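Structure file upload.txt (compact mmCIF, N, CA and C atoms) is printed below.
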# COMPACT_ATOMS: atom_id res chain seq x y z
N MET S 1 1.62 -16.66 -18.38
CA MET S 1 1.36 -16.32 -16.97
C MET S 1 -0.09 -16.65 -16.63
N ASN S 2 -0.30 -16.87 -15.36
CA ASN S 2 -1.66 -17.15 -14.91
C ASN S 2 -2.43 -15.85 -14.78
N SER S 3 -3.64 -15.83 -15.26
CA SER S 3 -4.48 -14.65 -15.06
C SER S 3 -4.99 -14.66 -13.63
N PRO S 4 -5.41 -13.52 -13.12
CA PRO S 4 -5.86 -13.47 -11.73
C PRO S 4 -7.01 -14.42 -11.42
N LYS S 5 -7.81 -14.79 -12.44
CA LYS S 5 -8.94 -15.69 -12.18
C LYS S 5 -8.50 -17.15 -12.07
N ASP S 6 -7.34 -17.47 -12.67
CA ASP S 6 -6.87 -18.86 -12.66
C ASP S 6 -6.21 -19.26 -11.34
N ARG S 7 -5.67 -18.31 -10.63
CA ARG S 7 -4.93 -18.65 -9.41
C ARG S 7 -5.88 -18.80 -8.21
N LEU S 8 -5.37 -19.39 -7.18
CA LEU S 8 -6.12 -19.59 -5.95
C LEU S 8 -6.20 -18.28 -5.19
N ASP S 9 -7.41 -17.86 -4.82
CA ASP S 9 -7.59 -16.57 -4.15
C ASP S 9 -8.00 -16.81 -2.70
N ILE S 10 -7.01 -16.87 -1.84
CA ILE S 10 -7.24 -17.17 -0.43
C ILE S 10 -8.00 -16.03 0.25
N ILE S 11 -7.65 -14.80 -0.07
CA ILE S 11 -8.30 -13.66 0.58
C ILE S 11 -9.80 -13.68 0.30
N ASN S 12 -10.17 -13.95 -0.95
CA ASN S 12 -11.59 -14.01 -1.31
C ASN S 12 -12.30 -15.13 -0.56
N GLU S 13 -11.64 -16.29 -0.47
CA GLU S 13 -12.23 -17.41 0.26
C GLU S 13 -12.43 -17.09 1.73
N VAL S 14 -11.44 -16.43 2.33
CA VAL S 14 -11.55 -16.07 3.75
C VAL S 14 -12.66 -15.04 3.93
N LEU S 15 -12.77 -14.10 3.00
CA LEU S 15 -13.85 -13.10 3.08
C LEU S 15 -15.22 -13.77 2.98
N GLU S 16 -15.34 -14.73 2.09
CA GLU S 16 -16.63 -15.43 1.95
C GLU S 16 -16.95 -16.23 3.21
N GLU S 17 -15.95 -16.86 3.80
CA GLU S 17 -16.16 -17.59 5.06
C GLU S 17 -16.57 -16.64 6.18
N CYS S 18 -15.96 -15.47 6.21
CA CYS S 18 -16.29 -14.49 7.25
C CYS S 18 -17.72 -13.97 7.05
N ILE S 19 -18.14 -13.79 5.79
CA ILE S 19 -19.51 -13.32 5.55
C ILE S 19 -20.50 -14.37 6.02
N LEU S 20 -20.20 -15.65 5.81
CA LEU S 20 -21.08 -16.72 6.29
C LEU S 20 -21.11 -16.77 7.82
N ALA S 21 -19.97 -16.52 8.44
CA ALA S 21 -19.89 -16.57 9.91
C ALA S 21 -20.47 -15.32 10.55
N TYR S 22 -20.26 -14.16 9.91
CA TYR S 22 -20.75 -12.88 10.45
C TYR S 22 -21.61 -12.18 9.38
N PRO S 23 -22.85 -12.62 9.16
CA PRO S 23 -23.64 -12.05 8.07
C PRO S 23 -24.04 -10.59 8.29
N LEU S 24 -24.05 -10.11 9.50
CA LEU S 24 -24.47 -8.74 9.77
C LEU S 24 -23.30 -7.78 9.98
N SER S 25 -22.10 -8.24 9.82
CA SER S 25 -20.92 -7.40 10.05
C SER S 25 -20.70 -6.46 8.85
N SER S 26 -20.91 -5.19 9.10
CA SER S 26 -20.73 -4.21 8.01
C SER S 26 -19.25 -4.09 7.63
N PHE S 27 -18.36 -4.35 8.58
CA PHE S 27 -16.93 -4.30 8.30
C PHE S 27 -16.54 -5.35 7.26
N ILE S 28 -16.98 -6.57 7.47
CA ILE S 28 -16.65 -7.65 6.56
C ILE S 28 -17.29 -7.41 5.19
N ILE S 29 -18.52 -6.93 5.17
CA ILE S 29 -19.20 -6.67 3.91
C ILE S 29 -18.49 -5.57 3.13
N SER S 30 -18.05 -4.52 3.83
CA SER S 30 -17.34 -3.44 3.13
C SER S 30 -15.98 -3.93 2.61
N LEU S 31 -15.29 -4.78 3.38
CA LEU S 31 -14.03 -5.35 2.90
C LEU S 31 -14.26 -6.20 1.66
N TYR S 32 -15.33 -6.99 1.67
CA TYR S 32 -15.63 -7.85 0.53
C TYR S 32 -15.93 -7.02 -0.72
N LYS S 33 -16.72 -5.96 -0.56
CA LYS S 33 -17.05 -5.10 -1.71
C LYS S 33 -15.79 -4.42 -2.25
N GLN S 34 -14.96 -3.93 -1.34
CA GLN S 34 -13.73 -3.26 -1.78
C GLN S 34 -12.81 -4.25 -2.48
N TYR S 35 -12.73 -5.46 -1.97
CA TYR S 35 -11.86 -6.46 -2.58
C TYR S 35 -12.36 -6.82 -3.99
N GLN S 36 -13.67 -6.88 -4.15
CA GLN S 36 -14.23 -7.18 -5.46
C GLN S 36 -13.98 -6.03 -6.45
N GLN S 37 -14.05 -4.80 -5.97
CA GLN S 37 -13.86 -3.64 -6.85
C GLN S 37 -12.38 -3.42 -7.18
N ARG S 38 -11.53 -3.38 -6.16
CA ARG S 38 -10.12 -3.02 -6.34
C ARG S 38 -9.19 -4.20 -6.54
N GLY S 39 -9.58 -5.33 -6.00
CA GLY S 39 -8.73 -6.51 -6.14
C GLY S 39 -7.67 -6.63 -5.06
N SER S 40 -7.68 -5.72 -4.09
CA SER S 40 -6.69 -5.81 -3.01
C SER S 40 -7.23 -5.10 -1.78
N LEU S 41 -6.55 -5.35 -0.68
CA LEU S 41 -6.87 -4.69 0.59
C LEU S 41 -5.57 -4.12 1.17
N SER S 42 -5.70 -3.10 2.00
CA SER S 42 -4.52 -2.53 2.63
C SER S 42 -4.06 -3.44 3.77
N LYS S 43 -2.90 -3.13 4.29
CA LYS S 43 -2.34 -3.94 5.38
C LYS S 43 -3.24 -3.87 6.61
N LYS S 44 -3.73 -2.68 6.94
CA LYS S 44 -4.61 -2.53 8.11
C LYS S 44 -5.91 -3.31 7.92
N GLN S 45 -6.46 -3.27 6.69
CA GLN S 45 -7.69 -4.01 6.43
C GLN S 45 -7.46 -5.51 6.53
N LEU S 46 -6.32 -5.97 6.02
CA LEU S 46 -6.00 -7.40 6.14
C LEU S 46 -5.81 -7.81 7.60
N GLN S 47 -5.24 -6.91 8.40
CA GLN S 47 -5.08 -7.23 9.82
C GLN S 47 -6.45 -7.34 10.50
N GLY S 48 -7.38 -6.46 10.12
CA GLY S 48 -8.74 -6.55 10.66
C GLY S 48 -9.44 -7.83 10.20
N LEU S 49 -9.25 -8.19 8.94
CA LEU S 49 -9.83 -9.43 8.42
C LEU S 49 -9.24 -10.63 9.16
N TYR S 50 -7.93 -10.61 9.38
CA TYR S 50 -7.27 -11.70 10.10
C TYR S 50 -7.84 -11.83 11.52
N GLY S 51 -8.06 -10.68 12.17
CA GLY S 51 -8.62 -10.71 13.52
C GLY S 51 -10.02 -11.32 13.55
N LYS S 52 -10.84 -10.96 12.57
CA LYS S 52 -12.19 -11.52 12.51
C LYS S 52 -12.15 -13.01 12.13
N ALA S 53 -11.29 -13.34 11.15
CA ALA S 53 -11.22 -14.72 10.67
C ALA S 53 -10.64 -15.66 11.72
N SER S 54 -9.80 -15.18 12.58
CA SER S 54 -9.21 -16.06 13.59
C SER S 54 -10.25 -16.52 14.61
N GLY S 55 -11.39 -15.86 14.66
CA GLY S 55 -12.47 -16.29 15.56
C GLY S 55 -13.35 -17.37 14.97
N ILE S 56 -13.18 -17.72 13.72
CA ILE S 56 -13.98 -18.76 13.07
C ILE S 56 -13.28 -20.10 13.25
N GLU S 57 -14.00 -21.08 13.85
CA GLU S 57 -13.39 -22.37 14.15
C GLU S 57 -13.29 -23.26 12.91
N GLN S 58 -14.25 -23.13 11.97
CA GLN S 58 -14.27 -24.02 10.81
C GLN S 58 -13.23 -23.63 9.75
N LEU S 59 -12.60 -22.50 9.87
CA LEU S 59 -11.64 -22.02 8.87
C LEU S 59 -10.33 -22.78 9.01
N PRO S 60 -9.83 -23.34 7.91
CA PRO S 60 -8.56 -24.08 7.98
C PRO S 60 -7.41 -23.16 8.41
N PRO S 61 -6.51 -23.65 9.24
CA PRO S 61 -5.40 -22.82 9.73
C PRO S 61 -4.43 -22.40 8.62
N GLY S 62 -4.38 -23.16 7.54
CA GLY S 62 -3.50 -22.80 6.43
C GLY S 62 -3.91 -21.50 5.77
N LYS S 63 -5.21 -21.26 5.70
CA LYS S 63 -5.70 -20.01 5.10
C LYS S 63 -5.34 -18.82 5.99
N LEU S 64 -5.47 -19.01 7.30
CA LEU S 64 -5.07 -17.95 8.23
C LEU S 64 -3.58 -17.68 8.14
N ALA S 65 -2.81 -18.74 7.99
CA ALA S 65 -1.36 -18.58 7.87
C ALA S 65 -1.01 -17.85 6.58
N THR S 66 -1.76 -18.11 5.52
CA THR S 66 -1.52 -17.42 4.25
C THR S 66 -1.80 -15.93 4.40
N ILE S 67 -2.92 -15.61 5.05
CA ILE S 67 -3.26 -14.19 5.27
C ILE S 67 -2.18 -13.53 6.12
N GLU S 68 -1.72 -14.22 7.15
CA GLU S 68 -0.68 -13.67 8.01
C GLU S 68 0.62 -13.45 7.22
N ALA S 69 0.95 -14.37 6.32
CA ALA S 69 2.16 -14.21 5.51
C ALA S 69 2.02 -13.02 4.56
N ILE S 70 0.84 -12.82 4.00
CA ILE S 70 0.60 -11.67 3.12
C ILE S 70 0.77 -10.38 3.90
N ILE S 71 0.24 -10.37 5.13
CA ILE S 71 0.36 -9.17 5.98
C ILE S 71 1.82 -8.88 6.28
N LYS S 72 2.59 -9.90 6.63
CA LYS S 72 4.00 -9.69 6.96
C LYS S 72 4.81 -9.25 5.76
N ARG S 73 4.40 -9.66 4.57
CA ARG S 73 5.12 -9.30 3.35
C ARG S 73 4.86 -7.84 2.94
N MET S 74 3.72 -7.29 3.34
CA MET S 74 3.38 -5.92 2.95
C MET S 74 4.22 -4.92 3.73
N PRO S 75 4.56 -3.80 3.10
CA PRO S 75 5.37 -2.79 3.81
C PRO S 75 4.55 -2.06 4.87
N THR S 76 5.23 -1.70 5.94
CA THR S 76 4.60 -0.91 6.99
C THR S 76 4.94 0.55 6.74
N ARG S 77 3.92 1.37 6.68
CA ARG S 77 4.12 2.79 6.39
C ARG S 77 4.15 3.56 7.71
N PHE S 78 5.20 4.34 7.88
CA PHE S 78 5.35 5.16 9.07
C PHE S 78 5.23 6.62 8.68
N LYS S 79 4.57 7.37 9.51
CA LYS S 79 4.53 8.82 9.30
C LYS S 79 5.71 9.41 10.04
N SER S 80 6.45 10.24 9.36
CA SER S 80 7.59 10.87 10.01
C SER S 80 7.10 11.94 10.97
N ALA S 81 7.91 12.21 11.96
CA ALA S 81 7.56 13.23 12.95
C ALA S 81 7.60 14.60 12.30
N LEU S 82 6.75 15.48 12.80
CA LEU S 82 6.73 16.84 12.27
C LEU S 82 8.02 17.55 12.62
N PRO S 83 8.54 18.32 11.70
CA PRO S 83 9.75 19.08 12.04
C PRO S 83 9.42 20.16 13.06
N GLU S 84 10.42 20.51 13.84
CA GLU S 84 10.18 21.54 14.85
C GLU S 84 9.92 22.87 14.15
N THR S 85 9.00 23.63 14.72
CA THR S 85 8.64 24.90 14.11
C THR S 85 9.69 25.94 14.42
N ARG S 86 10.05 26.66 13.38
CA ARG S 86 11.00 27.75 13.53
C ARG S 86 10.37 28.98 12.93
N PRO S 87 10.75 30.14 13.43
CA PRO S 87 10.19 31.35 12.83
C PRO S 87 10.63 31.47 11.37
N LEU S 88 9.76 32.06 10.57
CA LEU S 88 10.04 32.21 9.16
C LEU S 88 11.21 33.14 8.92
N PHE S 89 11.33 34.09 9.78
CA PHE S 89 12.36 35.11 9.62
C PHE S 89 13.05 35.29 10.95
N GLU S 90 14.35 35.25 10.96
CA GLU S 90 15.11 35.49 12.18
C GLU S 90 15.79 36.85 12.06
N LYS S 91 15.59 37.66 13.07
CA LYS S 91 16.16 39.01 13.04
C LYS S 91 17.67 38.94 13.26
N GLU S 92 18.36 39.80 12.55
CA GLU S 92 19.80 39.92 12.76
C GLU S 92 20.02 40.96 13.85
N GLU S 93 20.69 40.55 14.90
CA GLU S 93 20.91 41.44 16.03
C GLU S 93 21.79 42.62 15.65
N GLU S 94 22.71 42.38 14.74
CA GLU S 94 23.62 43.45 14.33
C GLU S 94 22.84 44.58 13.64
N THR S 95 21.86 44.21 12.82
CA THR S 95 21.04 45.22 12.13
C THR S 95 20.24 46.02 13.15
N GLY S 96 19.63 45.33 14.11
CA GLY S 96 18.87 46.02 15.16
C GLY S 96 19.74 46.95 15.98
N LYS S 97 20.98 46.54 16.25
CA LYS S 97 21.90 47.39 17.01
C LYS S 97 22.27 48.63 16.20
N MET S 98 22.50 48.47 14.89
CA MET S 98 22.82 49.63 14.05
C MET S 98 21.66 50.62 14.04
N ILE S 99 20.46 50.11 13.90
CA ILE S 99 19.28 50.99 13.89
C ILE S 99 19.16 51.71 15.22
N ALA S 100 19.33 50.99 16.31
CA ALA S 100 19.22 51.61 17.64
C ALA S 100 20.29 52.67 17.85
N ASP S 101 21.52 52.41 17.40
CA ASP S 101 22.60 53.39 17.54
C ASP S 101 22.31 54.67 16.76
N ILE S 102 21.82 54.52 15.55
CA ILE S 102 21.53 55.70 14.73
C ILE S 102 20.38 56.49 15.33
N LEU S 103 19.32 55.77 15.76
CA LEU S 103 18.17 56.48 16.32
C LEU S 103 18.47 57.09 17.68
N GLU S 104 19.46 56.59 18.36
CA GLU S 104 19.86 57.18 19.63
C GLU S 104 20.45 58.57 19.39
N LYS S 105 21.21 58.68 18.33
CA LYS S 105 21.85 59.97 18.00
C LYS S 105 20.87 60.88 17.26
N TYR S 106 20.11 60.33 16.30
CA TYR S 106 19.15 61.10 15.50
C TYR S 106 17.78 60.42 15.58
N PRO S 107 16.97 60.71 16.59
CA PRO S 107 15.72 59.98 16.81
C PRO S 107 14.65 60.25 15.74
N HIS S 108 14.76 61.33 14.95
CA HIS S 108 13.73 61.64 13.95
C HIS S 108 14.20 61.40 12.53
N HIS S 109 15.22 60.60 12.34
CA HIS S 109 15.74 60.31 11.01
C HIS S 109 14.71 59.45 10.27
N LYS S 110 14.10 59.99 9.21
CA LYS S 110 12.95 59.34 8.56
C LYS S 110 13.32 58.00 7.93
N ARG S 111 14.42 57.95 7.23
CA ARG S 111 14.79 56.70 6.56
C ARG S 111 15.09 55.60 7.57
N VAL S 112 15.77 55.94 8.64
CA VAL S 112 16.09 54.94 9.66
C VAL S 112 14.83 54.53 10.41
N LEU S 113 13.90 55.47 10.63
CA LEU S 113 12.62 55.11 11.26
C LEU S 113 11.85 54.13 10.36
N PHE S 114 11.89 54.38 9.05
CA PHE S 114 11.24 53.47 8.10
C PHE S 114 11.89 52.08 8.18
N LEU S 115 13.21 52.03 8.23
CA LEU S 115 13.91 50.75 8.32
C LEU S 115 13.63 50.05 9.65
N LYS S 116 13.44 50.83 10.71
CA LYS S 116 13.11 50.25 12.02
C LYS S 116 11.73 49.58 11.97
N VAL S 117 10.77 50.24 11.30
CA VAL S 117 9.44 49.65 11.16
C VAL S 117 9.54 48.34 10.36
N LYS S 118 10.33 48.34 9.30
CA LYS S 118 10.54 47.12 8.52
C LYS S 118 11.16 46.02 9.38
N TYR S 119 12.14 46.42 10.19
CA TYR S 119 12.83 45.47 11.06
C TYR S 119 11.87 44.91 12.10
N ASP S 120 11.04 45.77 12.69
CA ASP S 120 10.09 45.32 13.71
C ASP S 120 8.99 44.42 13.13
N ASN S 121 8.66 44.61 11.86
CA ASN S 121 7.63 43.80 11.20
C ASN S 121 8.20 42.54 10.55
N ASN S 122 9.45 42.25 10.82
CA ASN S 122 10.13 41.06 10.30
C ASN S 122 10.14 41.00 8.77
N GLU S 123 10.25 42.13 8.14
CA GLU S 123 10.35 42.18 6.68
C GLU S 123 11.82 42.08 6.29
N LEU S 124 12.04 41.51 5.11
CA LEU S 124 13.41 41.37 4.64
C LEU S 124 13.94 42.70 4.14
N PHE S 125 15.19 42.94 4.42
CA PHE S 125 15.84 44.16 3.94
C PHE S 125 16.43 43.88 2.57
N SER S 126 16.23 44.81 1.65
CA SER S 126 16.85 44.68 0.34
C SER S 126 18.33 45.07 0.48
N PRO S 127 19.13 44.72 -0.49
CA PRO S 127 20.54 45.12 -0.43
C PRO S 127 20.70 46.65 -0.37
N ALA S 128 19.79 47.38 -1.01
CA ALA S 128 19.84 48.84 -0.97
C ALA S 128 19.56 49.35 0.45
N ASP S 129 18.59 48.71 1.13
CA ASP S 129 18.28 49.10 2.51
C ASP S 129 19.49 48.86 3.42
N MET S 130 20.13 47.72 3.26
CA MET S 130 21.30 47.42 4.09
C MET S 130 22.45 48.38 3.77
N ALA S 131 22.60 48.74 2.49
CA ALA S 131 23.66 49.68 2.11
C ALA S 131 23.40 51.04 2.75
N ASP S 132 22.12 51.50 2.73
CA ASP S 132 21.77 52.77 3.37
C ASP S 132 22.08 52.74 4.85
N LEU S 133 21.70 51.66 5.50
CA LEU S 133 21.91 51.54 6.94
C LEU S 133 23.40 51.56 7.29
N LYS S 134 24.20 50.85 6.51
CA LYS S 134 25.65 50.83 6.76
C LYS S 134 26.27 52.20 6.48
N ARG S 135 25.73 52.87 5.46
CA ARG S 135 26.24 54.21 5.14
C ARG S 135 25.92 55.17 6.27
N PHE S 136 24.69 55.13 6.80
CA PHE S 136 24.32 56.00 7.92
C PHE S 136 25.17 55.71 9.14
N LYS S 137 25.43 54.43 9.40
CA LYS S 137 26.23 54.04 10.55
C LYS S 137 27.67 54.54 10.39
N SER S 138 28.22 54.44 9.17
CA SER S 138 29.59 54.91 8.96
C SER S 138 29.67 56.43 9.07
N LEU S 139 28.64 57.12 8.59
CA LEU S 139 28.61 58.58 8.72
C LEU S 139 28.50 58.99 10.20
N LEU S 140 27.75 58.23 10.96
CA LEU S 140 27.59 58.51 12.38
C LEU S 140 28.92 58.30 13.13
N SER S 141 29.66 57.25 12.75
CA SER S 141 30.91 56.97 13.45
C SER S 141 32.03 57.95 13.01
N GLN S 142 31.90 58.58 11.84
CA GLN S 142 32.91 59.53 11.36
C GLN S 142 32.77 60.88 12.03
N LYS S 143 31.56 61.26 12.41
CA LYS S 143 31.33 62.58 13.02
C LYS S 143 31.93 62.62 14.41
N PRO S 144 32.57 63.72 14.73
CA PRO S 144 33.13 63.85 16.09
C PRO S 144 31.99 64.02 17.09
N LYS S 145 32.21 63.52 18.29
CA LYS S 145 31.15 63.62 19.32
C LYS S 145 31.27 64.84 20.16

Spit out the file's structure as structure tokens when you get a sec.
Amino acid sequence: MNSPKDRLDIINEVLEECILAYPLSSFIISLYKQYQQRGSLSKKQLQGLYGKASGIEQLPPGKLATIEAIIKRMPTRFKSALPETRPLFEKEEETGKMIADILEKYPHHKRVLFLKVKYDNNELFSPADMADLKRFKSLLSQKPK
């Protein structure tokens, strides 16, 4: 296989031509330094280089076409849209109705008041909490009015 030094390096040649044409351009100088260090440029950087190089009249059109082909061959990265925000915890209306029904009949019931505070603070109910609430509701519905 050919080592990277043996092959024709069009990007490096175009960078050198751009440095000669724009000696004070910090953009071109930074692209050249990065290309020397990393050996490659990103798609956006190549597009910027192509834009600068297309303004040079002495540059052969084949080199510009090569840069354009490299750009087209590189993948385009898209950022996906943010997902819609949803609340972390959704209250169950049935649980709130059970708590309200019990507190309507017994407004000072300590355990149900504790569960109401948990419900209002969007805390998760343990299975034991739900069992207590259902037991209180069933006891309330069994008592004659």

Sort by chain and increasing residue number a table of all residues of region 68-89 of chain S within 8 Å of region 29-49 of chain S, each with its closest pair of atoms and their distance in Å to one decimal, counting all atoms listed in the file, and write it as a tab-separated table.
residue	atom	partner	partner_atom	distance
S:Glu68	N	S:Leu46	C	7.6
S:Ile70	C	S:Lys43	CA	7.3
S:Ile71	CA	S:Lys43	CA	5.9
S:Lys72	N	S:Lys43	CA	7.8
S:Met74	CA	S:Lys43	CA	6.5
S:Pro75	C	S:Lys43	CA	7.2
S:Thr76	CA	S:Lys43	CA	7.7

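Shortest atom-to-atom contact with Leu59 (chain S) among S:Leu24, S:Val14, S:Arg77, S:Pro87: S:Val14, counting all atoms listed in the file.
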
Practice task
Go ahead and compute the interatomic distance for atom N of Lys63 (chain S) and CA of Pro23 (chain S), in Å to one decimal.
Solution key: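 One can read the atom N of Lys63 (chain S) to CA of Pro23 (chain S) distance as 20.7 Å.
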
re atom C of Met98 (chain S) and atom C of Glu123 (chain S): distance 15.2 Å

Quick one: DSSP helix (DSSP H, G or I) residues in chain S, as a PyMOL selection string? chain S and resi 10-21+26-38+43-53+61-73+93-105+110-120+127-142

- Item | Separation of CA of Ser26 (chain S) from CA of Ala65 (chain S) in Å |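 CA of Ser26 (chain S) lies at a distance of 24.1 Å from CA of Ala65 (chain S).
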
Asn121 (chain S) proximity check over S:Ile67, S:Lys91, S:Glu13, S:Leu139, using only C-alpha atoms: winner is S:Lys91

The residue from S:Asn122, S:Ile11, S:Leu82, S:Glu94 with the smallest atom-to-atom distance to Thr66 (chain S), counting only C-alpha atoms, is S:Ile11
